[in-house]
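Text of structure_36.json, listed as JSON, C-alpha atoms:
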[["chain", "number", "residue", "atom", "x", "y", "z"],
["I", 1, "MET", "CA", 97.70, 55.02, -6.66],
["I", 2, "GLU", "CA", 95.09, 57.66, -7.46],
["I", 3, "ASP", "CA", 92.27, 55.08, -7.36],
["I", 4, "ARG", "CA", 93.51, 53.79, -4.03],
["I", 5, "CYS", "CA", 93.65, 57.29, -2.54],
["I", 6, "LEU", "CA", 90.09, 57.89, -3.68],
["I", 7, "ARG", "CA", 88.99, 54.63, -2.10],
["I", 8, "ILE", "CA", 90.62, 55.57, 1.23],
["I", 9, "ALA", "CA", 88.93, 58.97, 1.11],
["I", 10, "ARG", "CA", 85.54, 57.37, 0.45],
["I", 11, "ARG", "CA", 86.11, 54.87, 3.26],
["I", 12, "LEU", "CA", 86.78, 57.76, 5.66],
["I", 13, "LYS", "CA", 83.62, 59.41, 4.43],
["I", 14, "ARG", "CA", 81.69, 56.27, 5.31],
["I", 15, "TRP", "CA", 83.12, 56.30, 8.83],
["I", 16, "HIS", "CA", 81.87, 59.89, 9.10],
["I", 17, "ARG", "CA", 78.43, 58.77, 7.92],
["I", 18, "LEU", "CA", 78.34, 56.21, 10.74],
["I", 19, "GLN", "CA", 78.94, 59.00, 13.23],
["I", 20, "THR", "CA", 76.45, 61.51, 11.86],
["I", 21, "SER", "CA", 73.53, 59.65, 10.22],
["I", 22, "PRO", "CA", 70.30, 58.75, 12.02],
["I", 23, "ARG", "CA", 70.79, 55.22, 13.27],
["I", 24, "ASP", "CA", 67.57, 53.88, 11.82],
["I", 25, "GLU", "CA", 68.89, 54.74, 8.34],
["I", 26, "LEU", "CA", 72.12, 52.75, 8.67],
["I", 27, "LYS", "CA", 72.57, 49.24, 7.31],
["I", 28, "VAL", "CA", 74.77, 46.83, 9.26],
["I", 29, "ALA", "CA", 76.25, 43.59, 7.93],
["I", 30, "LEU", "CA", 77.32, 40.98, 10.50],
["I", 31, "THR", "CA", 79.58, 38.19, 9.21],
["I", 32, "LEU", "CA", 79.92, 34.70, 10.69],
["I", 33, "TYR", "CA", 82.41, 31.98, 9.85],
["I", 34, "CYS", "CA", 81.96, 28.33, 9.06],
["I", 35, "PHE", "CA", 85.02, 26.12, 8.92],
["I", 36, "PRO", "CA", 85.20, 23.28, 8.08],
["I", 37, "PRO", "CA", 82.10, 24.03, 6.00],
["I", 38, "ASN", "CA", 79.13, 22.20, 7.47],
["I", 39, "LYS", "CA", 76.03, 23.08, 9.45],
["I", 40, "GLY", "CA", 77.58, 22.24, 12.79],
["I", 41, "ASN", "CA", 80.39, 24.77, 12.33],
["I", 42, "ILE", "CA", 78.33, 27.84, 11.45],
["I", 43, "GLY", "CA", 79.09, 30.57, 13.94],
["I", 44, "THR", "CA", 82.34, 29.19, 15.31],
["I", 45, "ALA", "CA", 84.88, 31.51, 16.91],
["I", 46, "ALA", "CA", 87.67, 31.08, 19.42],
["I", 47, "ASP", "CA", 86.48, 31.50, 23.02],
["I", 48, "LEU", "CA", 83.17, 33.12, 22.03],
["I", 49, "ASP", "CA", 79.55, 31.99, 22.39],
["I", 50, "VAL", "CA", 78.68, 33.39, 18.97],
["I", 51, "PHE", "CA", 74.89, 33.20, 18.81],
["I", 52, "ALA", "CA", 74.41, 34.47, 22.36],
["I", 53, "THR", "CA", 76.81, 37.30, 21.51],
["I", 54, "LEU", "CA", 74.93, 38.07, 18.30],
["I", 55, "ARG", "CA", 71.60, 38.15, 20.13],
["I", 56, "GLY", "CA", 73.11, 40.61, 22.61],
["I", 57, "VAL", "CA", 74.55, 42.77, 19.82],
["I", 58, "LEU", "CA", 71.22, 42.84, 17.97],
["I", 59, "GLU", "CA", 69.37, 43.77, 21.17],
["I", 60, "ARG", "CA", 71.81, 46.61, 21.84],
["I", 61, "LEU", "CA", 71.50, 47.85, 18.24],
["I", 62, "LYS", "CA", 67.72, 47.91, 18.55],
["I", 63, "THR", "CA", 67.93, 49.73, 21.89],
["I", 64, "ASP", "CA", 70.24, 52.30, 20.30],
["I", 65, "GLY", "CA", 67.78, 53.03, 17.50],
["I", 66, "TYR", "CA", 68.89, 50.80, 14.64],
["I", 67, "ASN", "CA", 66.24, 49.13, 12.48],
["I", 68, "VAL", "CA", 66.46, 45.52, 13.70],
["I", 69, "ASP", "CA", 63.99, 42.62, 13.64],
["I", 70, "LEU", "CA", 65.02, 41.01, 16.92],
["I", 71, "PRO", "CA", 64.66, 37.21, 17.29],
["I", 72, "ASP", "CA", 63.26, 35.98, 20.60],
["I", 73, "SER", "CA", 66.42, 34.15, 21.63],
["I", 74, "ALA", "CA", 69.85, 32.99, 20.55],
["I", 75, "ASN", "CA", 68.37, 29.60, 19.61],
["I", 76, "ALA", "CA", 65.67, 31.29, 17.53],
["I", 77, "LEU", "CA", 68.37, 33.26, 15.73],
["I", 78, "ARG", "CA", 70.32, 30.06, 15.06],
["I", 79, "GLY", "CA", 67.17, 28.39, 13.75],
["I", 80, "LEU", "CA", 66.49, 31.20, 11.28],
["I", 81, "LEU", "CA", 70.02, 31.00, 9.92],
["I", 82, "LEU", "CA", 70.07, 27.21, 9.63],
["I", 83, "ASP", "CA", 66.71, 27.05, 7.85],
["I", 84, "GLU", "CA", 67.81, 25.80, 4.43],
["I", 85, "ASN", "CA", 65.79, 26.88, 1.40],
["I", 86, "SER", "CA", 67.99, 25.58, -1.40],
["I", 87, "ASP", "CA", 68.43, 22.35, -3.32],
["I", 88, "SER", "CA", 72.16, 22.98, -3.61],
["I", 89, "PRO", "CA", 74.32, 20.43, -1.74],
["I", 90, "ASP", "CA", 76.78, 23.28, -1.04],
["I", 91, "ALA", "CA", 74.18, 25.34, 0.83],
["I", 92, "ILE", "CA", 74.48, 24.92, 4.60],
["I", 93, "ALA", "CA", 72.34, 27.88, 5.67],
["I", 94, "HIS", "CA", 69.39, 29.98, 4.59],
["I", 95, "ILE", "CA", 69.82, 31.54, 1.14],
["I", 96, "ALA", "CA", 69.29, 35.27, 1.44],
["I", 97, "TYR", "CA", 70.06, 36.18, -2.16],
["I", 98, "ARG", "CA", 70.68, 34.54, -5.54],
["I", 99, "MET", "CA", 73.07, 36.52, -7.69],
["I", 100, "SER", "CA", 73.00, 35.99, -11.43],
["I", 101, "VAL", "CA", 76.24, 35.89, -13.37],
["I", 102, "ASP", "CA", 75.24, 39.09, -15.19],
["I", 103, "GLU", "CA", 74.73, 40.90, -11.89],
["I", 104, "TYR", "CA", 77.98, 39.46, -10.53],
["I", 105, "GLN", "CA", 79.81, 40.84, -13.56],
["I", 106, "ARG", "CA", 78.33, 44.29, -12.89],
["I", 107, "VAL", "CA", 79.27, 44.47, -9.23],
["I", 108, "CYS", "CA", 82.66, 42.72, -9.20],
["I", 109, "PRO", "CA", 85.41, 44.23, -11.39],
["I", 110, "PHE", "CA", 87.93, 41.44, -10.75],
["I", 111, "ILE", "CA", 86.18, 38.54, -12.48],
["I", 112, "PRO", "CA", 88.76, 38.01, -15.29],
["I", 113, "GLU", "CA", 91.49, 37.37, -12.68],
["I", 114, "ILE", "CA", 89.23, 35.04, -10.71],
["I", 115, "GLU", "CA", 88.23, 33.11, -13.82],
["I", 116, "ALA", "CA", 91.90, 32.53, -14.67],
["I", 117, "GLU", "CA", 92.19, 30.69, -11.34],
["I", 118, "TRP", "CA", 88.74, 29.14, -10.84],
["I", 119, "GLY", "CA", 87.17, 28.94, -14.29],
["I", 120, "ALA", "CA", 84.09, 30.71, -15.61],
["I", 121, "ALA", "CA", 81.58, 32.20, -13.21],
["I", 122, "PRO", "CA", 79.63, 31.18, -11.20],
["I", 123, "GLY", "CA", 82.04, 28.32, -10.46],
["I", 124, "ALA", "CA", 81.36, 25.24, -8.36],
["I", 125, "ILE", "CA", 81.49, 26.73, -4.84],
["I", 126, "ASN", "CA", 78.52, 28.60, -3.31],
["I", 127, "SER", "CA", 76.56, 28.28, -6.53],
["I", 128, "CYS", "CA", 73.48, 26.50, -7.80],
["I", 129, "ALA", "CA", 71.69, 26.46, -11.17],
["I", 130, "GLY", "CA", 73.98, 29.11, -12.63],
["I", 131, "GLU", "CA", 73.58, 31.53, -9.71],
["I", 132, "LEU", "CA", 75.86, 32.53, -6.84],
["I", 133, "LEU", "CA", 74.34, 31.88, -3.40],
["I", 134, "ILE", "CA", 74.59, 34.45, -0.62],
["I", 135, "GLN", "CA", 73.86, 32.64, 2.62],
["I", 136, "GLY", "CA", 72.41, 34.51, 5.57],
["I", 137, "ILE", "CA", 69.27, 36.25, 6.83],
["I", 138, "GLN", "CA", 68.05, 39.82, 6.82],
["I", 139, "LEU", "CA", 66.68, 41.24, 10.06],
["I", 140, "GLY", "CA", 65.35, 44.69, 9.21],
["I", 141, "LYS", "CA", 68.34, 46.74, 8.11],
["I", 142, "VAL", "CA", 70.76, 44.21, 9.55],
["I", 143, "PHE", "CA", 72.13, 41.40, 7.41],
["I", 144, "LEU", "CA", 73.63, 38.34, 9.10],
["I", 145, "GLY", "CA", 75.74, 36.49, 6.55],
["I", 146, "VAL", "CA", 77.90, 33.37, 6.48],
["I", 147, "GLN", "CA", 81.36, 33.96, 5.01],
["I", 148, "PRO", "CA", 82.02, 31.37, 2.28],
["I", 149, "THR", "CA", 84.68, 28.74, 2.70],
["I", 150, "PHE", "CA", 88.26, 29.42, 1.58],
["I", 151, "GLY", "CA", 87.94, 27.18, -1.47],
["I", 152, "TYR", "CA", 90.69, 24.58, -1.09],
["I", 153, "GLU", "CA", 89.05, 21.91, 1.04],
["I", 154, "GLY", "CA", 91.93, 19.44, 0.68],
["I", 155, "ASP", "CA", 94.50, 22.03, 1.73],
["I", 156, "PRO", "CA", 92.58, 25.00, 3.20],
["I", 157, "MET", "CA", 95.69, 26.94, 4.18],
["I", 158, "LYS", "CA", 97.14, 26.88, 0.67],
["I", 159, "LEU", "CA", 95.42, 30.07, -0.43],
["I", 160, "LEU", "CA", 95.99, 32.14, 2.67],
["I", 161, "MET", "CA", 98.45, 35.01, 2.33],
["I", 162, "ALA", "CA", 99.87, 33.60, -0.90],
["I", 163, "LYS", "CA", 101.40, 36.08, -3.31],
["I", 164, "GLY", "CA", 99.42, 34.63, -6.17],
["I", 165, "GLY", "CA", 95.96, 33.19, -6.54],
["I", 166, "THR", "CA", 92.51, 34.64, -5.97],
["I", 167, "PRO", "CA", 89.47, 33.95, -3.82],
["I", 168, "HIS", "CA", 86.81, 31.93, -5.60],
["I", 169, "HIS", "CA", 83.73, 33.46, -7.21],
["I", 170, "GLY", "CA", 81.50, 32.74, -4.20],
["I", 171, "PHE", "CA", 83.86, 34.53, -1.82],
["I", 172, "ALA", "CA", 84.17, 37.60, -4.05],
["I", 173, "ALA", "CA", 80.41, 37.65, -4.66],
["I", 174, "PHE", "CA", 79.70, 37.66, -0.90],
["I", 175, "TYR", "CA", 81.64, 40.88, -0.28],
["I", 176, "ALA", "CA", 80.36, 42.45, -3.51],
["I", 177, "TYR", "CA", 76.84, 41.72, -2.25],
["I", 178, "LEU", "CA", 77.50, 43.39, 1.12],
["I", 179, "GLU", "CA", 78.85, 46.58, -0.44],
["I", 180, "LYS", "CA", 77.05, 46.94, -3.77],
["I", 181, "ILE", "CA", 73.67, 45.19, -3.37],
["I", 182, "PHE", "CA", 72.77, 45.18, 0.32],
["I", 183, "GLN", "CA", 74.69, 48.50, 0.48],
["I", 184, "ALA", "CA", 75.93, 48.05, 4.03],
["I", 185, "ASP", "CA", 77.25, 51.10, 5.83],
["I", 186, "VAL", "CA", 79.52, 48.93, 7.96],
["I", 187, "VAL", "CA", 80.54, 45.27, 8.17],
["I", 188, "VAL", "CA", 81.15, 43.59, 11.53],
["I", 189, "HIS", "CA", 83.20, 40.39, 11.51],
["I", 190, "VAL", "CA", 82.08, 38.40, 14.55],
["I", 191, "GLY", "CA", 84.74, 36.40, 16.37],
["I", 192, "THR", "CA", 88.26, 35.11, 15.86],
["I", 193, "HIS", "CA", 88.62, 34.63, 12.92],
["I", 194, "GLY", "CA", 87.65, 34.49, 9.26],
["I", 195, "ALA", "CA", 89.56, 34.31, 5.98],
["I", 196, "MET", "CA", 89.16, 37.64, 4.26],
["I", 197, "GLU", "CA", 92.15, 39.35, 5.87],
["I", 198, "PHE", "CA", 94.36, 36.37, 4.97],
["I", 199, "MET", "CA", 93.63, 36.41, 1.24],
["I", 200, "PRO", "CA", 96.49, 36.75, -1.30],
["I", 201, "GLY", "CA", 98.42, 40.00, -1.40],
["I", 202, "LYS", "CA", 101.24, 41.82, 0.29],
["I", 203, "GLN", "CA", 101.89, 41.38, 3.98],
["I", 204, "VAL", "CA", 102.08, 45.12, 4.66],
["I", 205, "GLY", "CA", 101.15, 48.25, 2.74],
["I", 206, "MET", "CA", 98.14, 46.92, 0.87],
["I", 207, "SER", "CA", 97.75, 48.00, -2.73],
["I", 208, "SER", "CA", 94.74, 47.92, -5.04],
["I", 209, "ALA", "CA", 96.07, 44.59, -6.36],
["I", 210, "CYS", "CA", 95.83, 42.92, -2.93],
["I", 211, "TRP", "CA", 92.72, 40.86, -2.31],
["I", 212, "PRO", "CA", 91.93, 41.99, 1.25],
["I", 213, "ASP", "CA", 91.86, 45.58, -0.07],
["I", 214, "ARG", "CA", 89.67, 44.58, -3.00],
["I", 215, "LEU", "CA", 87.24, 42.54, -0.92],
["I", 216, "ILE", "CA", 86.65, 45.06, 1.87],
["I", 217, "GLY", "CA", 86.34, 47.84, -0.72],
["I", 218, "GLU", "CA", 85.14, 51.04, 0.94],
["I", 219, "LEU", "CA", 83.34, 49.35, 3.82],
["I", 220, "PRO", "CA", 84.26, 50.34, 7.37],
["I", 221, "ASN", "CA", 85.34, 47.10, 9.03],
["I", 222, "ILE", "CA", 84.70, 46.39, 12.72],
["I", 223, "TYR", "CA", 86.15, 43.14, 14.02],
["I", 224, "ILE", "CA", 85.12, 41.46, 17.28],
["I", 225, "TYR", "CA", 88.41, 39.75, 18.13],
["I", 226, "SER", "CA", 89.81, 37.71, 21.00],
["I", 227, "VAL", "CA", 92.13, 39.71, 23.25],
["I", 228, "ASN", "CA", 94.54, 36.76, 23.57],
["I", 229, "ASN", "CA", 95.46, 36.70, 19.87],
["I", 230, "PRO", "CA", 97.14, 40.06, 19.20],
["I", 231, "SER", "CA", 99.38, 38.72, 16.42],
["I", 232, "GLU", "CA", 96.53, 37.71, 14.13],
["I", 233, "GLY", "CA", 94.46, 40.67, 15.30],
["I", 234, "THR", "CA", 97.27, 42.86, 13.99],
["I", 235, "ILE", "CA", 96.98, 41.09, 10.64],
["I", 236, "ALA", "CA", 93.27, 41.95, 10.55],
["I", 237, "LYS", "CA", 94.10, 45.60, 11.24],
["I", 238, "ARG", "CA", 96.98, 45.72, 8.78],
["I", 239, "ARG", "CA", 95.44, 43.81, 5.89],
["I", 240, "SER", "CA", 91.71, 44.63, 6.14],
["I", 241, "TYR", "CA", 91.76, 48.01, 7.94],
["I", 242, "ALA", "CA", 89.81, 46.53, 10.85],
["I", 243, "GLU", "CA", 88.84, 48.40, 13.98],
["I", 244, "LEU", "CA", 89.18, 45.75, 16.67],
["I", 245, "ILE", "CA", 86.77, 45.33, 19.56],
["I", 246, "SER", "CA", 88.38, 42.84, 21.94],
["I", 247, "TYR", "CA", 86.59, 40.25, 24.01],
["I", 248, "LEU", "CA", 88.08, 38.45, 27.01],
["I", 249, "THR", "CA", 88.76, 34.73, 27.02],
["I", 250, "PRO", "CA", 86.76, 32.71, 29.55],
["I", 251, "PRO", "CA", 88.44, 32.28, 32.95],
["I", 252, "ILE", "CA", 89.91, 28.81, 33.40],
["I", 253, "GLU", "CA", 90.30, 27.11, 36.76],
["I", 254, "ASN", "CA", 90.05, 23.62, 38.25],
["I", 255, "ALA", "CA", 86.41, 22.58, 38.18],
["I", 256, "GLY", "CA", 86.69, 20.65, 41.44],
["I", 257, "LEU", "CA", 83.72, 18.90, 43.05],
["I", 258, "TYR", "CA", 80.25, 20.33, 43.46],
["I", 259, "LYS", "CA", 77.43, 20.37, 45.97],
["I", 260, "GLY", "CA", 77.24, 17.20, 48.07],
["I", 261, "LEU", "CA", 80.47, 15.77, 46.68],
["I", 262, "ALA", "CA", 82.42, 18.73, 48.01],
["I", 263, "THR", "CA", 80.82, 18.20, 51.42],
["I", 264, "MET", "CA", 81.76, 14.53, 51.30],
["I", 265, "LYS", "CA", 85.37, 15.38, 50.45],
["I", 266, "ASP", "CA", 85.58, 17.73, 53.44],
["I", 267, "LEU", "CA", 84.06, 15.13, 55.80],
["I", 268, "VAL", "CA", 86.47, 12.40, 54.67],
["I", 269, "GLY", "CA", 89.43, 14.78, 54.94],
["I", 270, "ASN", "CA", 88.44, 15.86, 58.43],
["I", 271, "TYR", "CA", 87.91, 12.25, 59.48],
["I", 272, "ARG", "CA", 91.38, 11.22, 58.28],
["I", 273, "ARG", "CA", 93.04, 14.13, 60.07],
["I", 274, "SER", "CA", 91.15, 13.86, 63.33],
["I", 275, "THR", "CA", 92.81, 12.22, 66.39],
["I", 276, "ASN", "CA", 89.83, 12.65, 68.68],
["I", 277, "GLU", "CA", 87.86, 9.40, 68.90],
["I", 278, "GLU", "CA", 84.55, 11.06, 69.75],
["I", 279, "GLU", "CA", 84.92, 13.44, 66.80],
["I", 280, "ARG", "CA", 85.83, 10.55, 64.49],
["I", 281, "HIS", "CA", 82.63, 8.70, 65.49],
["I", 282, "ARG", "CA", 80.58, 11.82, 64.76],
["I", 283, "LEU", "CA", 82.32, 12.38, 61.40],
["I", 284, "PHE", "CA", 81.87, 8.73, 60.43],
["I", 285, "ALA", "CA", 78.14, 8.97, 61.06],
["I", 286, "ALA", "CA", 78.02, 12.14, 58.95],
["I", 287, "ILE", "CA", 79.90, 10.37, 56.14],
["I", 288, "GLU", "CA", 77.38, 7.51, 56.18],
["I", 289, "GLN", "CA", 74.50, 9.98, 56.09],
["I", 290, "GLN", "CA", 76.07, 11.92, 53.23],
["I", 291, "SER", "CA", 76.69, 8.68, 51.32],
["I", 292, "GLN", "CA", 72.98, 7.89, 51.47],
["I", 293, "GLU", "CA", 72.03, 11.36, 50.26],
["I", 294, "LEU", "CA", 74.47, 11.00, 47.35],
["I", 295, "ASN", "CA", 73.10, 7.55, 46.50],
["I", 296, "PHE", "CA", 76.45, 5.88, 47.12],
["I", 297, "SER", "CA", 75.83, 2.17, 47.53],
["I", 298, "LEU", "CA", 77.70, 0.67, 50.49],
["I", 299, "SER", "CA", 75.97, -2.71, 50.33],
["I", 300, "GLY", "CA", 78.53, -5.49, 50.26],
["I", 301, "ALA", "CA", 81.34, -3.06, 50.99],
["I", 302, "ARG", "CA", 83.49, -3.48, 54.03],
["I", 303, "VAL", "CA", 83.21, -0.25, 55.96],
["I", 304, "SER", "CA", 85.74, 0.46, 58.63],
["I", 305, "ARG", "CA", 86.32, 3.40, 60.92],
["I", 306, "ASP", "CA", 90.06, 2.85, 60.70]]

structure tokens encoding of this file:
Amino acid sequence: MEDRCLRIARRLKRWHRLQTSPRDELKVALTLYCFPPNKGNIGTAADLDVFATLRGVLERLKTDGYNVDLPDSANALRGLLLDENSDSPDAIAHIAYRMSVDEYQRVCPFIPEIEAEWGAAPGAINSCAGELLIQGIQLGKVFLGVQPTFGYEGDPMKLLMAKGGTPHHGFAAFYAYLEKIFQADVVVHVGTHGAMEFMPGKQVGMSSACWPDRLIGELPNIYIYSVNNPSEGTIAKRRSYAELISYLTPPIENAGLYKGLATMKDLVGNYRRSTNEEERHRLFAAIEQQSQELNFSLSGARVSRD
């Protein structure tokens, strides 16, 4: 209990540092998701254009005085992240850091419990040649990282919110890297949603034995979360101490017709409703003209004014 109280106090101190420190001194970690784990799913989130959002966030950070190397566009940002530089078949994005097992043992105090579940470090997930792979890119004092997969590819929900079990070595190493090696002042989880807040542990009243508490450590956690999912957003607040920033879902309406097709629909509707013969002749001529402009072929078709 004493260790947990100290951790809470240090976390509050970090929030204070965010408020009072010069912005160009602060380090920001942005976290993306990738599920199922392949290149095409990097940066997925419910109802959010992730890379366009990220480009906007980075631009705002730079405007506000943070130390950011700003890519030219959302596509340029995506290209930097997808630029593989590893011979590992598990690597789906750029490798920002290779963590040795010795370093992993220094920065992560929970390895014995993880090894009881997943075997000796570095394990088989997010690793290559005896090292743990941290996937992402560094843009000045901003790190954009890809959260590792859950670990159970055959049954990915098996691990989530279980009372027992642990995250795999690659997952634990990712958050240890953010806090202990990159030394982020804040982590921002981008979009709905990732896996960290669903890791094994109690449902409410996290303790130092619960994995969401262990993984987030002392990092202030900001979560960009869909406004239409308050139930799981509450889980993120309750189990990972997240400060939610909500985004609206896109408006949904009938797409309908567009441009010339909409005009054609109106002409046909007016023609069918009209009882004035002169007006019907005029509308029919307009329909024929509109058909030509829309490249509708009437050759061989029997056209009638009735």

Exercise for review: Mind checking which residues fall within 9 Å of range 187-198 of chain I, counting all atoms listed in the file, ignoring those fewer than 2 positions away in the same chain, and posting them as a ChimeraX atom specification?
Suggested key: /I:27-35,43-48,50,53-54,147-150,159-162,167,171,178-179,184-185,200-201,211-213,215-216,219-226,229,232-233,235-241,247

Review point. If I put a ball of radius 6 Å at (73.4, 40.9, 3.3) in the file's coordinates, which residues poke into it when counting only C-alpha atoms, written as a ChimeraX atom specification?
Key: /I:143,145,178,182

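Minimum distance to Thr263 in chain I across I:Ala76, I:Cys5, I:Leu70, I:Ala286 (counting all atoms listed in the file) occurs at I:Ala286.
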
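As for CA of Val107 in chain I and CA of His94 in chain I, they are spaced 22.3 Å apart.
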
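Shortest separation to Gly56 in chain I among I:Gln105, I:Ala74, I:Asp69, I:Tyr177 occurs at residue I:Ala74, atoms counted being all atoms listed in the file.
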
**Study point:** Atomic separation - CA of Asn276 in chain I relative to CA of Leu257 in chain I, Å
**Key:** 27.1 Å

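In this structure, CA of Met206 in chain I sits 17.5 Å away from CA of Ala172 in chain I.
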
Point to revise | 10 Å contact set for Gly65 in chain I, all atoms listed in the file, chain neighbours under 3 positions out, as an MDAnalysis selection string | key: chainID I and resid 22:26 60:62 68

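Proximity to Asn75 in chain I was assessed for I:Leu18, I:Leu244, I:Ala52, I:Val101 counting all atoms listed in the file; the smallest distance is recorded for I:Ala52.
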
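Among the candidates I:Glu103, I:Gly165, I:Glu131, I:Ala242, the one nearest to Arg11 in chain I when counting only C-alpha atoms is I:Ala242.
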
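Distance check against Ile42 in chain I using only C-alpha atoms: of I:Gly136, I:Pro89, I:Pro71, I:Gly119, the minimum falls on I:Gly136.
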
Review point. Which residue gives the smallest distance to Arg7 in chain I among I:Ala120, I:Thr20, I:Gln203, I:Glu218, with all atoms listed in the file counted?
Key: I:Glu218
